[in-house]
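What's in input_37.tsv: TSV, C-alpha atoms
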```tsv
chain	number	residue	atom	x	y	z
A	1	MET	CA	12.95	-90.77	45.73
A	2	ILE	CA	16.03	-92.99	46.02
A	3	ILE	CA	19.38	-91.19	45.88
A	4	TRP	CA	22.35	-93.25	44.74
A	5	SER	CA	25.69	-91.82	45.84
A	6	ASN	CA	28.97	-91.78	43.95
A	7	THR	CA	30.70	-94.83	45.40
A	8	THR	CA	33.52	-97.13	44.51
A	9	PRO	CA	33.05	-100.87	43.74
A	10	SER	CA	34.26	-101.68	47.27
A	11	GLY	CA	31.51	-99.53	48.74
A	12	GLU	CA	33.70	-96.59	49.73
A	13	THR	CA	32.40	-93.11	49.02
A	14	ALA	CA	34.27	-91.43	46.16
A	15	PRO	CA	35.74	-87.94	46.67
A	16	VAL	CA	32.90	-85.45	46.39
A	17	SER	CA	34.67	-82.43	45.00
A	18	GLY	CA	37.88	-80.94	43.73
A	19	CYS	CA	40.44	-81.93	41.15
A	20	GLU	CA	43.70	-83.78	41.30
A	21	PRO	CA	46.62	-81.42	41.95
A	22	ARG	CA	48.32	-80.42	38.74
A	23	GLY	CA	51.56	-82.22	38.05
A	24	ARG	CA	50.59	-85.26	40.09
A	25	LYS	CA	51.79	-88.47	38.48
A	26	ARG	CA	49.05	-90.88	37.49
A	27	THR	CA	49.38	-94.22	39.23
A	28	THR	CA	46.32	-95.97	37.82
A	29	PRO	CA	47.28	-98.94	35.59
A	30	ASN	CA	46.82	-98.40	31.87
A	31	LEU	CA	43.87	-100.79	31.65
A	32	LEU	CA	42.39	-102.10	28.44
A	33	CYS	CA	38.99	-100.97	27.11
A	34	PRO	CA	36.15	-101.78	27.23
A	35	MET	CA	35.30	-102.27	30.91
A	36	SER	CA	34.20	-105.84	30.26
A	37	HIS	CA	37.91	-106.72	30.24
A	38	ILE	CA	38.20	-105.89	33.94
A	39	ASP	CA	34.85	-107.11	35.26
A	40	ASP	CA	36.55	-110.07	36.93
A	41	GLU	CA	38.86	-107.83	38.96
A	42	PRO	CA	36.84	-104.77	40.02
A	43	SER	CA	39.18	-104.06	42.93
A	44	LEU	CA	41.85	-102.93	40.45
A	45	THR	CA	39.87	-99.90	39.36
A	46	ARG	CA	37.84	-97.35	41.28
A	47	MET	CA	34.93	-96.09	39.21
A	48	ALA	CA	33.05	-92.82	39.63
A	49	ARG	CA	29.94	-91.49	37.93
A	50	LEU	CA	30.32	-88.48	35.68
A	51	PHE	CA	27.59	-86.38	34.06
A	52	VAL	CA	28.55	-84.61	30.81
A	53	TYR	CA	26.37	-81.94	29.22
A	54	GLY	CA	28.52	-80.26	26.56
A	55	THR	CA	31.20	-81.09	24.01
A	56	LEU	CA	31.98	-84.47	25.64
A	57	LYS	CA	28.57	-85.91	24.71
A	58	LYS	CA	28.08	-88.34	21.84
A	59	GLY	CA	28.05	-86.54	18.50
A	60	GLN	CA	29.78	-83.47	19.93
A	61	PRO	CA	33.27	-82.11	19.08
A	62	ASN	CA	35.23	-83.54	22.05
A	63	HIS	CA	33.50	-86.90	22.50
A	64	SER	CA	36.57	-88.70	21.09
A	65	VAL	CA	38.48	-88.10	24.34
A	66	MET	CA	35.87	-90.23	26.13
A	67	THR	CA	36.44	-93.17	23.79
A	68	SER	CA	40.25	-93.15	23.76
A	69	CYS	CA	41.62	-95.97	25.89
A	70	THR	CA	44.89	-94.07	26.34
A	71	ASN	CA	42.98	-91.54	28.46
A	72	GLY	CA	41.40	-94.18	30.70
A	73	ILE	CA	38.04	-95.92	30.87
A	74	ALA	CA	34.65	-94.28	30.30
A	75	GLU	CA	31.58	-96.51	29.98
A	76	PHE	CA	28.27	-94.99	28.92
A	77	GLN	CA	25.56	-95.68	31.51
A	78	GLY	CA	22.55	-93.70	30.38
A	79	GLN	CA	20.92	-90.31	30.08
A	80	GLY	CA	19.63	-87.93	32.69
A	81	TYR	CA	19.12	-84.33	33.63
A	82	THR	CA	20.03	-82.15	36.58
A	83	ALA	CA	17.53	-82.56	39.40
A	84	ASP	CA	17.98	-78.86	40.16
A	85	LEU	CA	17.82	-75.95	37.76
A	86	TYR	CA	21.14	-74.64	36.39
A	87	PRO	CA	22.05	-72.00	33.80
A	88	LEU	CA	23.81	-73.64	30.84
A	89	VAL	CA	25.35	-70.93	28.65
A	90	ILE	CA	27.63	-70.70	25.63
A	91	GLY	CA	30.36	-68.22	26.43
A	92	GLY	CA	33.60	-66.69	25.23
A	93	LYS	CA	35.04	-66.19	21.76
A	94	ASP	CA	35.34	-69.97	21.26
A	95	ASN	CA	31.67	-70.67	22.04
A	96	ILE	CA	32.33	-73.03	24.94
A	97	PRO	CA	29.41	-74.48	26.92
A	98	TYR	CA	29.50	-73.73	30.65
A	99	LEU	CA	27.22	-74.96	33.40
A	100	LEU	CA	27.22	-72.03	35.81
A	101	ASN	CA	27.16	-73.25	39.39
A	102	VAL	CA	24.07	-71.26	40.29
A	103	PRO	CA	21.47	-73.87	41.34
A	104	GLY	CA	17.86	-72.76	41.18
A	105	LYS	CA	18.30	-70.62	38.07
A	106	GLY	CA	17.94	-71.79	34.45
A	107	HIS	CA	16.79	-75.22	33.28
A	108	HIS	CA	16.98	-78.89	34.10
A	109	VAL	CA	20.01	-79.62	31.90
A	110	THR	CA	20.06	-82.87	29.91
A	111	GLY	CA	23.23	-84.91	29.46
A	112	GLU	CA	24.90	-88.32	29.56
A	113	ILE	CA	26.05	-90.42	32.51
A	114	TYR	CA	29.34	-92.34	32.41
A	115	SER	CA	31.31	-94.56	34.76
A	116	VAL	CA	34.93	-93.45	34.62
A	117	ASP	CA	38.11	-94.70	36.24
A	118	ASP	CA	40.68	-92.61	38.10
A	119	GLN	CA	42.88	-92.28	35.03
A	120	MET	CA	40.06	-90.85	32.91
A	121	LEU	CA	38.98	-88.56	35.75
A	122	GLN	CA	42.51	-87.17	36.10
A	123	PHE	CA	42.76	-86.73	32.33
A	124	LEU	CA	39.46	-84.86	32.22
A	125	ASP	CA	40.51	-82.65	35.14
A	126	GLU	CA	43.44	-81.49	33.02
A	127	PHE	CA	41.41	-81.36	29.81
A	128	GLU	CA	38.74	-79.18	31.43
A	129	GLY	CA	41.27	-76.86	33.10
A	130	CYS	CA	40.10	-77.85	36.57
A	131	PRO	CA	40.03	-76.08	38.98
A	132	ASP	CA	40.66	-72.77	37.18
A	133	MET	CA	38.24	-72.94	34.26
A	134	TYR	CA	35.83	-75.54	35.66
A	135	GLN	CA	35.42	-77.15	39.06
A	136	ARG	CA	34.47	-80.80	39.47
A	137	THR	CA	31.63	-81.03	41.99
A	138	PRO	CA	28.86	-83.51	42.84
A	139	VAL	CA	25.43	-82.80	41.37
A	140	ARG	CA	22.12	-84.67	41.71
A	141	ILE	CA	21.04	-86.22	38.42
A	142	GLU	CA	17.61	-87.66	37.67
A	143	ILE	CA	17.74	-90.67	35.37
A	144	LEU	CA	15.88	-90.60	32.05
A	145	GLU	CA	17.26	-93.85	30.64
A	146	TRP	CA	19.72	-96.41	32.02
A	147	GLU	CA	21.75	-98.83	29.91
A	148	GLY	CA	24.55	-99.66	32.32
A	149	LYS	CA	25.07	-103.26	33.37
A	150	SER	CA	25.06	-104.23	37.04
A	151	SER	CA	26.00	-107.47	38.73
A	152	ALA	CA	22.86	-107.23	40.92
A	153	PRO	CA	19.40	-105.85	40.08
A	154	GLU	CA	19.33	-103.72	43.24
A	155	GLU	CA	22.42	-101.87	42.01
A	156	ARG	CA	20.65	-100.76	38.83
A	157	PRO	CA	19.16	-97.28	39.34
A	158	ALA	CA	15.55	-96.96	38.25
A	159	VAL	CA	14.25	-94.41	35.77
A	160	ASN	CA	13.29	-91.20	37.63
A	161	SER	CA	15.52	-92.08	40.58
A	162	ILE	CA	18.26	-89.64	41.55
A	163	ILE	CA	21.97	-90.43	41.61
A	164	GLU	CA	24.97	-88.30	42.47
A	165	CYS	CA	27.48	-87.63	39.69
A	166	PHE	CA	30.51	-85.48	39.26
A	167	VAL	CA	30.04	-82.60	36.83
A	168	TYR	CA	32.35	-79.91	35.50
A	169	SER	CA	30.57	-76.67	36.34
A	170	THR	CA	32.05	-73.25	37.04
A	171	THR	CA	31.97	-70.41	39.52
A	172	THR	CA	34.86	-68.63	37.78
A	173	TYR	CA	33.01	-66.88	34.98
A	174	PRO	CA	32.55	-63.23	33.94
A	175	PRO	CA	29.55	-61.78	35.82
A	176	GLU	CA	27.80	-60.80	32.58
A	177	TRP	CA	27.50	-64.45	31.54
A	178	ILE	CA	24.59	-64.87	33.94
A	179	ASN	CA	22.60	-62.77	31.45
A	180	LEU	CA	23.38	-64.98	28.43
A	181	PRO	CA	20.66	-67.26	26.97
A	182	TYR	CA	20.14	-70.50	28.91
A	183	TYR	CA	19.94	-73.91	27.22
A	184	ASP	CA	18.56	-77.20	28.46
A	185	ASN	CA	20.29	-79.51	25.95
A	186	TYR	CA	23.58	-78.45	24.38
A	187	ASP	CA	24.34	-79.07	20.72
A	188	SER	CA	27.33	-77.40	19.08
A	189	PHE	CA	25.48	-77.58	15.76
A	190	GLY	CA	22.19	-76.18	17.08
A	191	LYS	CA	20.05	-73.35	15.80
A	192	HIS	CA	21.82	-70.87	18.08
A	193	GLY	CA	24.61	-70.68	15.46
A	194	LEU	CA	27.34	-70.62	18.13
A	195	ARG	CA	29.42	-73.52	16.87
A	196	TYR	CA	32.21	-74.63	19.19
A	197	ASN	CA	35.70	-73.65	18.05
A	198	PRO	CA	37.97	-76.72	18.44
A	199	ARG	CA	41.22	-76.35	20.36
A	200	GLU	CA	43.34	-77.11	17.31
A	201	ASN	CA	41.89	-74.00	15.59
A	202	ARG	CA	42.71	-71.55	18.38
```

Show the structure stored in the file as structure tokens.
Amino acid sequence: MIIWSNTTPSGETAPVSGCEPRGRKRTTPNLLCPMSHIDDEPSLTRMARLFVYGTLKKGQPNHSVMTSCTNGIAEFQGQGYTADLYPLVIGGKDNIPYLLNVPGKGHHVTGEIYSVDDQMLQFLDEFEGCPDMYQRTPVRIEILEWEGKSSAPEERPAVNSIIECFVYSTTTYPPEWINLPYYDNYDSFGKHGLRYNPRENR
């Protein structure tokens, strides 16, 4: 299998883990959306791949933060699932989805792949409470469907190939959560009846 790593347009390897320190001032220009507006000057923006599996997906309660240009740039690339097994649970009184960082246990979790700029990545670090609530780490994702545009055919990952994406998973969870039901495809409105409680209602 081919493994595509999380790299910048210039070919440099993107940071593989961690979150921006809290309080750090964002220096990324406030670029216009969509990404097609900056295709002629890729050196201005470093892009990273991000895999989302919960409320940030299309049709889910927090997807709007991915489409707001004020937060940065996020371009949908395709769909995939974790190459390794992970336990995806719904935990806490607000029914929040968590990918527990326990590889080898659970399911191959399905989600969406995005290319995001530094500004969006820093926004999401804060939005996801990283590194306290979640930690942003690299995870191997197998591609189910790819819609992203590439300047060269060899840069377009093939279906069933594996790429590396950042994901917000967690090691900071109550021990009893490992015994919660595991899901392979999160939907806040699913049959489980554990609808996500939006932040504005807390």

request  = Pick out the closest residue to Ile163 in chain A from this set: A:Asp84, A:Glu176, A:Glu147, A:Glu142. Count all atoms listed in the file.
outcome  =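 With all atoms listed in the file as the atom set, the closest residue is A:Glu142.
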
key: All residues 6 Å or closer to range 118-135 of chain A, all atoms listed in the file, same chain fewer than 5 positions away omitted, as a list of chain:residue names   =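 Close residues of range 118-135 of chain A: A:Thr28, A:Asn71, A:Gly72, A:Ile73, A:Tyr168, A:Ser169, A:Thr170.
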
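The protein and nucleic acid residues lying at most 8 Å from range 49-54 of chain A are Asn6, Gln60, Pro97, Tyr98, Val109, Thr110, Gly111, Glu112, Ile113, Tyr114, Ser115, Val116, Ile141, Glu164, Cys165, Phe166, Val167, Tyr168, Asn185, Tyr186 and Asp187 of chain A, with all atoms listed in the file considered and sequence neighbours fewer than 4 positions away removed.
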
Neighbour list for Ala158 in chain A as number ranges by chain, cut-off 10 Å, only C-alpha atoms, skip fewer than 6 positions in-chain = A: 2, 142-146

request  = Taking the point (37.9, -83.5, 25.6) as given in the file, collect each protein or nucleic acid residue that comes within 8 Å of it, counting all atoms listed in the file, and present the set as an MDAnalysis selection string.
outcome  = chainID A and resid 55:56 62:66 124 127:128

inquiry  = Please compute the CA of Val89 in chain A-CA of Pro103 in chain A distance, one decimal, in Å.
reply    =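 Taking CA of Val89 in chain A and CA of Pro103 in chain A, their separation equals 13.6 Å.
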
remark   = Residue with the minimum atom-to-atom distance to Val102 in chain A, picked from A:Ala83, A:Val159, A:Ala48, A:Ile178 with all atoms listed in the file counted, is A:Ile178

ask   = Within 6 Å of Lys105 in chain A, counting all atoms listed in the file, which residues qualify if same-chain residues fewer than 3 places away don't, as a list in words?
value =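 Selected residues are Leu85, Tyr86 and Pro87 of chain A.
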
ask   = Which of these residues is nearest to Pro174 in chain A, using only C-alpha atoms: A:Lys149, A:Ile162, A:Leu100, A:Pro157?
value =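 Residue with the minimum atom-to-atom distance to Pro174 in chain A: A:Leu100.
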
request  = Mind checking which residues fall within 8 Å of Asn197 in chain A, counting all atoms listed in the file, ignoring those fewer than 6 positions away in the same chain, and posting them as a ChimeraX atom specification?
outcome  = /A:94-96

Export C-alpha atoms of the chosen residues as an mmCIF file, in the coordinates of the input?
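out27.cif, written as the output of this step:
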```cif
data_model
loop_
_atom_site.group_PDB
_atom_site.id
_atom_site.type_symbol
_atom_site.label_atom_id
_atom_site.label_comp_id
_atom_site.auth_asym_id
_atom_site.auth_seq_id
_atom_site.Cartn_x
_atom_site.Cartn_y
_atom_site.Cartn_z
ATOM 1 C CA ASP A 94 35.340 -69.970 21.260
ATOM 2 C CA ASN A 95 31.670 -70.670 22.040
ATOM 3 C CA ILE A 96 32.330 -73.030 24.940
#
```

request  = Go through A:Lys58, A:His107, A:Arg140, A:Arg202 one by one, measure the shortest atom-to-atom distance of each to Tyr182 in chain A using only C-alpha atoms, and give the residue with the smallest value.
outcome  =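 Comparing A:Lys58, A:His107, A:Arg140, A:Arg202 against Tyr182 in chain A, the winner is A:His107.
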
inquiry  = My list of candidates is A:Gly148, A:Ile90, A:Asn160, A:Asp117. Which is closest to Gly193 in chain A when distances are computed with all atoms listed in the file?
reply    = A:Ile90

message = Report, in Å with one decimal, the straight-line distance from CA of Thr67 in chain A to CA of Thr172 in chain A.
response = 28.3 Å

request  = Could you check how far CA of Gly190 in chain A sits from CA of Leu99 in chain A, in Å to one decimal?
outcome  =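 One can read the CA of Gly190 in chain A to CA of Leu99 in chain A distance as 17.1 Å.
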